[in-house]
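What's in data_8.txt: compact mmCIF, N, CA and C atoms
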```
# COMPACT_ATOMS: atom_id res chain seq x y z
N MET A 1 -2.32 -10.68 3.81
CA MET A 1 -0.88 -10.60 3.97
C MET A 1 -0.52 -10.38 5.44
N ARG A 2 -1.25 -9.47 6.07
CA ARG A 2 -0.95 -9.19 7.48
C ARG A 2 -1.24 -10.40 8.35
N GLN A 3 -2.30 -11.13 8.05
CA GLN A 3 -2.62 -12.33 8.81
C GLN A 3 -1.56 -13.41 8.59
N ARG A 4 -1.09 -13.52 7.36
CA ARG A 4 -0.03 -14.49 7.05
C ARG A 4 1.23 -14.16 7.84
N ARG A 5 1.59 -12.89 7.86
CA ARG A 5 2.78 -12.47 8.60
C ARG A 5 2.63 -12.73 10.10
N LYS A 6 1.43 -12.48 10.60
CA LYS A 6 1.17 -12.74 12.01
C LYS A 6 1.34 -14.23 12.32
N ARG A 7 0.78 -15.06 11.45
CA ARG A 7 0.89 -16.51 11.62
C ARG A 7 2.35 -16.96 11.54
N LEU A 8 3.08 -16.50 10.54
CA LEU A 8 4.48 -16.88 10.38
C LEU A 8 5.33 -16.39 11.55
N GLY A 9 5.02 -15.19 12.05
CA GLY A 9 5.74 -14.67 13.20
C GLY A 9 5.51 -15.53 14.43
N GLY A 10 4.27 -15.94 14.64
CA GLY A 10 3.95 -16.81 15.77
C GLY A 10 4.65 -18.16 15.66
N GLU A 11 4.66 -18.72 14.45
CA GLU A 11 5.34 -20.00 14.24
C GLU A 11 6.84 -19.87 14.49
N ALA A 12 7.43 -18.78 14.02
CA ALA A 12 8.87 -18.56 14.22
C ALA A 12 9.19 -18.40 15.71
N ARG A 13 8.38 -17.62 16.40
CA ARG A 13 8.60 -17.45 17.85
C ARG A 13 8.47 -18.78 18.58
N GLY A 14 7.54 -19.61 18.13
CA GLY A 14 7.36 -20.93 18.73
C GLY A 14 8.59 -21.80 18.56
N ARG A 15 9.34 -21.57 17.49
CA ARG A 15 10.58 -22.31 17.25
C ARG A 15 11.79 -21.60 17.84
N GLY A 16 11.54 -20.44 18.46
CA GLY A 16 12.65 -19.67 19.03
C GLY A 16 13.45 -18.90 17.99
N GLU A 17 12.84 -18.62 16.84
CA GLU A 17 13.51 -17.91 15.75
C GLU A 17 12.96 -16.49 15.64
N ALA A 18 13.76 -15.64 15.04
CA ALA A 18 13.30 -14.27 14.76
C ALA A 18 12.53 -14.25 13.46
N PHE A 19 11.55 -13.38 13.37
CA PHE A 19 10.77 -13.20 12.15
C PHE A 19 10.68 -11.71 11.88
N THR A 20 11.25 -11.27 10.79
CA THR A 20 11.20 -9.85 10.44
C THR A 20 10.91 -9.69 8.96
N ARG A 21 10.40 -8.54 8.64
CA ARG A 21 10.21 -8.11 7.26
C ARG A 21 10.83 -6.73 7.16
N PRO A 22 11.23 -6.33 5.96
CA PRO A 22 11.79 -4.98 5.81
C PRO A 22 10.76 -3.94 6.26
N PRO A 23 11.22 -2.83 6.82
CA PRO A 23 10.25 -1.78 7.18
C PRO A 23 9.55 -1.28 5.91
N GLU A 24 8.26 -1.16 5.97
CA GLU A 24 7.49 -0.73 4.81
C GLU A 24 6.98 0.68 5.05
N LEU A 25 7.54 1.58 4.27
CA LEU A 25 7.29 3.00 4.44
C LEU A 25 6.95 3.59 3.08
N PHE A 26 5.85 4.34 3.02
CA PHE A 26 5.49 4.98 1.76
C PHE A 26 6.43 6.16 1.55
N ARG A 27 7.03 6.23 0.40
CA ARG A 27 8.00 7.28 0.11
C ARG A 27 7.36 8.66 0.17
N SER A 28 8.16 9.65 0.56
CA SER A 28 7.65 11.01 0.65
C SER A 28 8.36 11.96 -0.30
N ASP A 29 9.49 11.55 -0.85
CA ASP A 29 10.25 12.37 -1.79
C ASP A 29 9.86 11.98 -3.22
N PRO A 30 9.52 12.92 -4.08
CA PRO A 30 9.09 12.60 -5.44
C PRO A 30 10.10 11.76 -6.22
N ASP A 31 11.39 12.09 -6.10
CA ASP A 31 12.40 11.32 -6.84
C ASP A 31 12.53 9.90 -6.31
N GLU A 32 12.52 9.75 -4.99
CA GLU A 32 12.57 8.41 -4.39
C GLU A 32 11.33 7.61 -4.73
N LEU A 33 10.18 8.29 -4.75
CA LEU A 33 8.93 7.60 -5.07
C LEU A 33 8.98 7.04 -6.48
N ALA A 34 9.49 7.80 -7.43
CA ALA A 34 9.59 7.32 -8.81
C ALA A 34 10.47 6.07 -8.89
N LEU A 35 11.62 6.08 -8.23
CA LEU A 35 12.49 4.90 -8.21
C LEU A 35 11.80 3.72 -7.52
N TRP A 36 11.09 4.00 -6.45
CA TRP A 36 10.38 2.99 -5.69
C TRP A 36 9.31 2.32 -6.56
N LEU A 37 8.57 3.12 -7.34
CA LEU A 37 7.54 2.59 -8.22
C LEU A 37 8.13 1.68 -9.29
N ASN A 38 9.32 2.01 -9.77
CA ASN A 38 9.97 1.19 -10.79
C ASN A 38 10.26 -0.22 -10.30
N ALA A 39 10.36 -0.41 -9.00
CA ALA A 39 10.68 -1.72 -8.43
C ALA A 39 9.49 -2.67 -8.44
N PHE A 40 8.27 -2.17 -8.68
CA PHE A 40 7.15 -3.09 -8.68
C PHE A 40 6.07 -2.80 -9.72
N PHE A 41 6.44 -2.08 -10.76
CA PHE A 41 5.55 -1.95 -11.91
C PHE A 41 6.34 -2.30 -13.16
N THR A 42 5.99 -3.41 -13.76
CA THR A 42 6.68 -3.86 -14.98
C THR A 42 6.37 -2.93 -16.14
N VAL A 43 5.10 -2.60 -16.32
CA VAL A 43 4.68 -1.68 -17.37
C VAL A 43 4.64 -0.30 -16.74
N ARG A 44 5.52 0.56 -17.24
CA ARG A 44 5.61 1.90 -16.66
C ARG A 44 6.14 2.87 -17.72
N PRO A 45 5.93 4.14 -17.50
CA PRO A 45 6.43 5.13 -18.45
C PRO A 45 7.94 5.29 -18.31
N PRO A 46 8.59 5.85 -19.32
CA PRO A 46 10.04 6.11 -19.21
C PRO A 46 10.36 7.00 -18.00
N THR A 47 9.50 7.97 -17.75
CA THR A 47 9.60 8.78 -16.53
C THR A 47 8.18 8.92 -15.99
N TRP A 48 8.08 8.92 -14.67
CA TRP A 48 6.76 9.03 -14.04
C TRP A 48 6.26 10.46 -14.15
N ASP A 49 5.03 10.59 -14.62
CA ASP A 49 4.38 11.88 -14.78
C ASP A 49 4.25 12.57 -13.43
N GLU A 50 4.46 13.87 -13.41
CA GLU A 50 4.38 14.64 -12.17
C GLU A 50 3.00 14.52 -11.52
N MET A 51 1.96 14.44 -12.33
CA MET A 51 0.61 14.32 -11.79
C MET A 51 0.43 12.98 -11.06
N VAL A 52 1.01 11.91 -11.59
CA VAL A 52 0.94 10.60 -10.94
C VAL A 52 1.67 10.66 -9.61
N ILE A 53 2.87 11.21 -9.62
CA ILE A 53 3.66 11.31 -8.39
C ILE A 53 2.93 12.14 -7.34
N GLU A 54 2.41 13.28 -7.73
CA GLU A 54 1.70 14.15 -6.78
C GLU A 54 0.43 13.50 -6.24
N SER A 55 -0.24 12.71 -7.08
CA SER A 55 -1.47 12.05 -6.60
C SER A 55 -1.17 10.98 -5.56
N LEU A 56 0.04 10.44 -5.59
CA LEU A 56 0.43 9.43 -4.60
C LEU A 56 1.01 10.05 -3.33
N LEU A 57 1.49 11.26 -3.41
CA LEU A 57 2.12 11.91 -2.26
C LEU A 57 1.09 12.65 -1.40
N MET A 58 0.05 11.95 -1.04
CA MET A 58 -0.99 12.52 -0.20
C MET A 58 -0.45 12.67 1.22
N PRO A 59 -0.84 13.70 1.93
CA PRO A 59 -0.36 13.88 3.31
C PRO A 59 -0.70 12.70 4.22
N GLU A 60 -1.79 12.00 3.91
CA GLU A 60 -2.20 10.87 4.73
C GLU A 60 -1.25 9.68 4.61
N VAL A 61 -0.44 9.64 3.54
CA VAL A 61 0.41 8.46 3.31
C VAL A 61 1.90 8.78 3.20
N ALA A 62 2.24 9.95 2.68
CA ALA A 62 3.64 10.27 2.40
C ALA A 62 4.49 10.17 3.67
N GLY A 63 5.51 9.33 3.60
CA GLY A 63 6.44 9.17 4.71
C GLY A 63 5.93 8.33 5.85
N LYS A 64 4.76 7.73 5.69
CA LYS A 64 4.16 6.95 6.79
C LYS A 64 4.40 5.46 6.60
N LYS A 65 4.41 4.74 7.72
CA LYS A 65 4.53 3.28 7.69
C LYS A 65 3.23 2.70 7.14
N PHE A 66 3.37 1.57 6.44
CA PHE A 66 2.19 0.92 5.88
C PHE A 66 1.16 0.59 6.95
N GLY A 67 1.62 0.09 8.10
CA GLY A 67 0.69 -0.25 9.18
C GLY A 67 -0.14 0.94 9.61
N THR A 68 0.48 2.10 9.68
CA THR A 68 -0.23 3.33 10.06
C THR A 68 -1.27 3.68 9.00
N ILE A 69 -0.89 3.59 7.74
CA ILE A 69 -1.83 3.89 6.64
C ILE A 69 -3.00 2.92 6.67
N ILE A 70 -2.71 1.66 6.88
CA ILE A 70 -3.76 0.65 6.91
C ILE A 70 -4.72 0.93 8.07
N GLU A 71 -4.18 1.16 9.25
CA GLU A 71 -5.02 1.36 10.43
C GLU A 71 -5.80 2.67 10.39
N ARG A 72 -5.16 3.75 9.96
CA ARG A 72 -5.81 5.07 10.02
C ARG A 72 -6.66 5.41 8.80
N GLU A 73 -6.31 4.85 7.66
CA GLU A 73 -6.99 5.25 6.43
C GLU A 73 -7.76 4.11 5.76
N LEU A 74 -7.09 2.98 5.53
CA LEU A 74 -7.70 1.94 4.71
C LEU A 74 -8.76 1.13 5.46
N ILE A 75 -8.51 0.78 6.71
CA ILE A 75 -9.53 0.02 7.45
C ILE A 75 -10.78 0.85 7.65
N PRO A 76 -10.68 2.13 8.08
CA PRO A 76 -11.91 2.93 8.18
C PRO A 76 -12.64 3.08 6.84
N LEU A 77 -11.88 3.21 5.75
CA LEU A 77 -12.50 3.32 4.43
C LEU A 77 -13.21 2.02 4.07
N ARG A 78 -12.56 0.90 4.31
CA ARG A 78 -13.17 -0.41 4.04
C ARG A 78 -14.45 -0.58 4.86
N THR A 79 -14.40 -0.18 6.12
CA THR A 79 -15.56 -0.29 6.99
C THR A 79 -16.71 0.57 6.47
N SER A 80 -16.40 1.78 6.02
CA SER A 80 -17.44 2.66 5.46
C SER A 80 -18.08 2.04 4.23
N VAL A 81 -17.27 1.44 3.36
CA VAL A 81 -17.79 0.80 2.16
C VAL A 81 -18.67 -0.38 2.55
N ALA A 82 -18.19 -1.19 3.49
CA ALA A 82 -18.96 -2.36 3.92
C ALA A 82 -20.30 -1.95 4.53
N HIS A 83 -20.29 -0.92 5.35
CA HIS A 83 -21.54 -0.47 5.96
C HIS A 83 -22.49 0.09 4.91
N ALA A 84 -21.96 0.75 3.92
CA ALA A 84 -22.81 1.29 2.86
C ALA A 84 -23.47 0.17 2.06
N LEU A 85 -22.78 -0.96 1.94
CA LEU A 85 -23.31 -2.06 1.14
C LEU A 85 -24.14 -3.06 1.94
N PHE A 86 -23.74 -3.34 3.18
CA PHE A 86 -24.32 -4.49 3.86
C PHE A 86 -25.03 -4.22 5.18
N GLU A 87 -24.83 -3.07 5.76
CA GLU A 87 -25.39 -2.82 7.08
C GLU A 87 -26.55 -1.83 6.97
N SER A 88 -27.44 -1.94 7.93
CA SER A 88 -28.54 -0.98 7.97
C SER A 88 -28.28 0.11 9.01
N ALA A 89 -27.09 0.09 9.60
CA ALA A 89 -26.73 1.09 10.60
C ALA A 89 -26.49 2.43 9.91
N GLU A 90 -25.96 3.37 10.65
CA GLU A 90 -25.72 4.71 10.13
C GLU A 90 -24.84 4.67 8.89
N LEU A 91 -25.25 5.33 7.87
CA LEU A 91 -24.54 5.36 6.61
C LEU A 91 -23.40 6.37 6.67
N SER A 92 -22.16 5.92 6.52
CA SER A 92 -21.02 6.83 6.60
C SER A 92 -20.41 7.09 5.22
N LEU A 93 -20.87 6.37 4.22
CA LEU A 93 -20.38 6.56 2.86
C LEU A 93 -21.56 6.34 1.92
N SER A 94 -21.73 7.24 0.99
CA SER A 94 -22.85 7.14 0.07
C SER A 94 -22.36 6.90 -1.34
N ILE A 95 -23.00 5.98 -2.04
CA ILE A 95 -22.60 5.71 -3.42
C ILE A 95 -22.97 6.86 -4.34
N ASP A 96 -23.83 7.75 -3.88
CA ASP A 96 -24.24 8.90 -4.68
C ASP A 96 -23.48 10.17 -4.34
N ASP A 97 -22.64 10.11 -3.34
CA ASP A 97 -21.92 11.30 -2.86
C ASP A 97 -20.55 11.38 -3.54
N TYR A 98 -20.28 12.51 -4.19
CA TYR A 98 -19.01 12.69 -4.89
C TYR A 98 -17.82 12.54 -3.95
N LEU A 99 -17.90 13.09 -2.75
CA LEU A 99 -16.77 13.02 -1.82
C LEU A 99 -16.45 11.58 -1.42
N SER A 100 -17.47 10.74 -1.33
CA SER A 100 -17.23 9.33 -1.04
C SER A 100 -16.50 8.67 -2.20
N HIS A 101 -16.93 8.94 -3.41
CA HIS A 101 -16.26 8.40 -4.60
C HIS A 101 -14.81 8.88 -4.64
N GLU A 102 -14.63 10.16 -4.39
CA GLU A 102 -13.30 10.75 -4.46
C GLU A 102 -12.36 10.10 -3.46
N ARG A 103 -12.82 9.85 -2.25
CA ARG A 103 -11.98 9.24 -1.22
C ARG A 103 -11.56 7.82 -1.62
N VAL A 104 -12.49 7.04 -2.11
CA VAL A 104 -12.17 5.69 -2.57
C VAL A 104 -11.18 5.75 -3.73
N ASN A 105 -11.45 6.61 -4.69
CA ASN A 105 -10.59 6.71 -5.86
C ASN A 105 -9.18 7.23 -5.52
N ARG A 106 -9.08 8.09 -4.52
CA ARG A 106 -7.76 8.60 -4.11
C ARG A 106 -6.89 7.49 -3.53
N PHE A 107 -7.51 6.59 -2.80
CA PHE A 107 -6.73 5.56 -2.11
C PHE A 107 -6.50 4.30 -2.94
N LEU A 108 -7.17 4.13 -4.06
CA LEU A 108 -6.93 2.94 -4.88
C LEU A 108 -5.49 2.84 -5.38
N PRO A 109 -4.91 3.88 -5.98
CA PRO A 109 -3.52 3.76 -6.43
C PRO A 109 -2.53 3.53 -5.28
N VAL A 110 -2.77 4.19 -4.16
CA VAL A 110 -1.91 4.01 -2.98
C VAL A 110 -1.97 2.56 -2.52
N THR A 111 -3.19 2.03 -2.45
CA THR A 111 -3.38 0.65 -2.01
C THR A 111 -2.68 -0.32 -2.96
N LYS A 112 -2.80 -0.06 -4.24
CA LYS A 112 -2.15 -0.93 -5.24
C LYS A 112 -0.63 -0.91 -5.04
N CYS A 113 -0.07 0.25 -4.81
CA CYS A 113 1.39 0.34 -4.57
C CYS A 113 1.78 -0.42 -3.32
N MET A 114 1.01 -0.26 -2.27
CA MET A 114 1.32 -0.92 -1.01
C MET A 114 1.25 -2.44 -1.16
N VAL A 115 0.22 -2.92 -1.82
CA VAL A 115 0.07 -4.36 -2.00
C VAL A 115 1.23 -4.92 -2.82
N ARG A 116 1.59 -4.25 -3.89
CA ARG A 116 2.68 -4.74 -4.73
C ARG A 116 4.00 -4.73 -3.95
N ARG A 117 4.23 -3.69 -3.15
CA ARG A 117 5.45 -3.64 -2.33
C ARG A 117 5.47 -4.77 -1.31
N MET A 118 4.32 -5.01 -0.67
CA MET A 118 4.24 -6.07 0.33
C MET A 118 4.42 -7.44 -0.31
N LEU A 119 3.84 -7.66 -1.48
CA LEU A 119 4.04 -8.93 -2.18
C LEU A 119 5.50 -9.14 -2.54
N LYS A 120 6.14 -8.07 -2.99
CA LYS A 120 7.56 -8.19 -3.34
C LYS A 120 8.41 -8.47 -2.10
N ASN A 121 8.08 -7.86 -0.98
CA ASN A 121 8.80 -8.15 0.26
C ASN A 121 8.53 -9.56 0.75
N GLU A 122 7.30 -10.01 0.59
CA GLU A 122 6.90 -11.32 1.11
C GLU A 122 7.39 -12.47 0.24
N PHE A 123 7.41 -12.25 -1.07
CA PHE A 123 7.79 -13.30 -2.01
C PHE A 123 8.86 -12.79 -2.98
N PRO A 124 10.05 -12.45 -2.49
CA PRO A 124 11.07 -11.81 -3.34
C PRO A 124 11.55 -12.66 -4.52
N ALA A 125 11.51 -13.96 -4.38
CA ALA A 125 11.98 -14.81 -5.48
C ALA A 125 10.89 -15.08 -6.51
N GLU A 126 9.64 -14.81 -6.15
CA GLU A 126 8.52 -15.12 -7.04
C GLU A 126 7.84 -13.90 -7.63
N PHE A 127 7.74 -12.82 -6.88
CA PHE A 127 6.97 -11.66 -7.34
C PHE A 127 7.91 -10.57 -7.85
N LEU A 128 7.91 -10.38 -9.15
CA LEU A 128 8.69 -9.33 -9.80
C LEU A 128 10.18 -9.36 -9.42
N ALA A 129 10.71 -10.56 -9.31
CA ALA A 129 12.12 -10.72 -8.94
C ALA A 129 13.05 -10.07 -9.97
N HIS A 130 12.58 -9.93 -11.20
CA HIS A 130 13.40 -9.33 -12.26
C HIS A 130 13.51 -7.81 -12.15
N LEU A 131 12.71 -7.21 -11.29
CA LEU A 131 12.78 -5.77 -11.10
C LEU A 131 13.57 -5.46 -9.82
N PRO A 132 14.75 -4.88 -9.96
CA PRO A 132 15.55 -4.62 -8.75
C PRO A 132 15.00 -3.45 -7.95
N ASP A 133 15.25 -3.52 -6.65
CA ASP A 133 14.92 -2.38 -5.79
C ASP A 133 15.96 -1.30 -6.02
N PRO A 134 15.59 -0.05 -5.83
CA PRO A 134 16.57 1.03 -5.97
C PRO A 134 17.68 0.85 -4.95
N PRO A 135 18.89 1.26 -5.28
CA PRO A 135 20.04 1.08 -4.37
C PRO A 135 19.83 1.67 -2.98
N THR A 136 19.09 2.77 -2.88
CA THR A 136 18.90 3.40 -1.56
C THR A 136 17.71 2.81 -0.82
N SER A 137 17.00 1.88 -1.46
CA SER A 137 15.80 1.33 -0.85
C SER A 137 16.13 0.39 0.29
N THR A 138 15.29 0.43 1.32
CA THR A 138 15.41 -0.51 2.42
C THR A 138 14.41 -1.64 2.24
N GLY A 139 13.89 -1.78 1.04
CA GLY A 139 12.91 -2.82 0.76
C GLY A 139 11.49 -2.38 1.00
N SER A 140 11.31 -1.15 1.40
CA SER A 140 9.95 -0.73 1.69
C SER A 140 9.34 0.01 0.54
```
Have the structure of the file written as structure tokens, please.
Amino acid sequence: MRQRRKRLGGEARGRGEAFTRPPELFRSDPDELALWLNAFFTVRPPTWDEMVIESLLMPEVAGKKFGTIIERELIPLRTSVAHALFESAELSLSIDDYLSHERVNRFLPVTKCMVRRMLKNEFPAEFLAHLPDPPTSTGS
């Protein structure tokens, strides 16, 4: 998605046009987060469970821009997983270590939310167009 946006931005600049996407920010308020989740999950509970909301409001992501989360959290995590699987260099993540499992498992729901939000921003007429964004949402 990020590479696609980079390419489209370059093409737009080449034509002398502006290229923007809505600011993508992970919600930090529990009530806003619940409304935000409703915009990109078709199958959902009548009300979001407090445990689900709290598990998503991690200090590493709450209130942060997607780019910051990707650069500071997800890329290093991806690199650790890749090195554990494919490299013979220093092992930074172990498949037998509980803390490694916990870190991957903590970020899976966050990543899923981010991807769904980005898809909805990128393809508004095709991806979950039937689910409206909350009135206070800036599309992020």
Taking the chain letters and numbering used in this document, name the residues of stretch 8-114 of chain A that DSSP puts in alpha helix (DSSP H), as a PyMOL selection string.
chain A and resi 8-14+30-38+50-56+66-69+75-86+98-114
Quick one: what's the axis-aligned box for stretch 11-26 of chain A, all listed atoms, 4 Å on every side, centre and edges in Å to one decimal, as JSON?
```
{"center_x": 9.2, "center_y": -8.1, "center_z": 10.3, "size_x": 17.1, "size_y": 36.5, "size_z": 25.5}
```
Residues within 8 Å of A:Pro30, please, as JSON, numbers by chain. Count only N, CA and C atoms; anything in the same chain fewer than 4 positions from it doesn't count.
{"A": [34, 35, 36, 53, 54, 57]}
Give me the residues of stretch 5-76 of chain A that have any atom at most 6.5 Å from an atom of stretch 117-138 of chain A; for each, the nearest atom pair and the distance in Å, rounded to one decimal. Use only N, CA and C atoms, sort by chain and number, and format it as JSON lines.
```
{"residue": "A:Pro22", "atom": "CA", "partner": "A:Thr138", "partner_atom": "C", "distance": 5.5}
{"residue": "A:Pro23", "atom": "N", "partner": "A:Thr138", "partner_atom": "C", "distance": 5.7}
{"residue": "A:Leu35", "atom": "C", "partner": "A:Pro134", "partner_atom": "N", "distance": 5.6}
{"residue": "A:Trp36", "atom": "CA", "partner": "A:Pro134", "partner_atom": "N", "distance": 6.0}
{"residue": "A:Asn38", "atom": "C", "partner": "A:Leu131", "partner_atom": "CA", "distance": 6.1}
{"residue": "A:Ala39", "atom": "CA", "partner": "A:Pro132", "partner_atom": "C", "distance": 4.7}
{"residue": "A:Phe40", "atom": "N", "partner": "A:Leu131", "partner_atom": "CA", "distance": 6.3}
```
Between atom CA of A:Ser55 and atom CA of A:Met1, what is the distance in Å, rounded to a tenth?
25.0 Å
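Of the residues under consideration (A:Phe41, A:Arg2, A:Leu77, A:Gly14), A:Leu77 shows the shortest atom-to-atom contact distance to A:Arg106 when counting only C-alpha atoms.
Straight-line separation from atom N of A:Arg78 to atom C of A:Val104: 9.5 Å.
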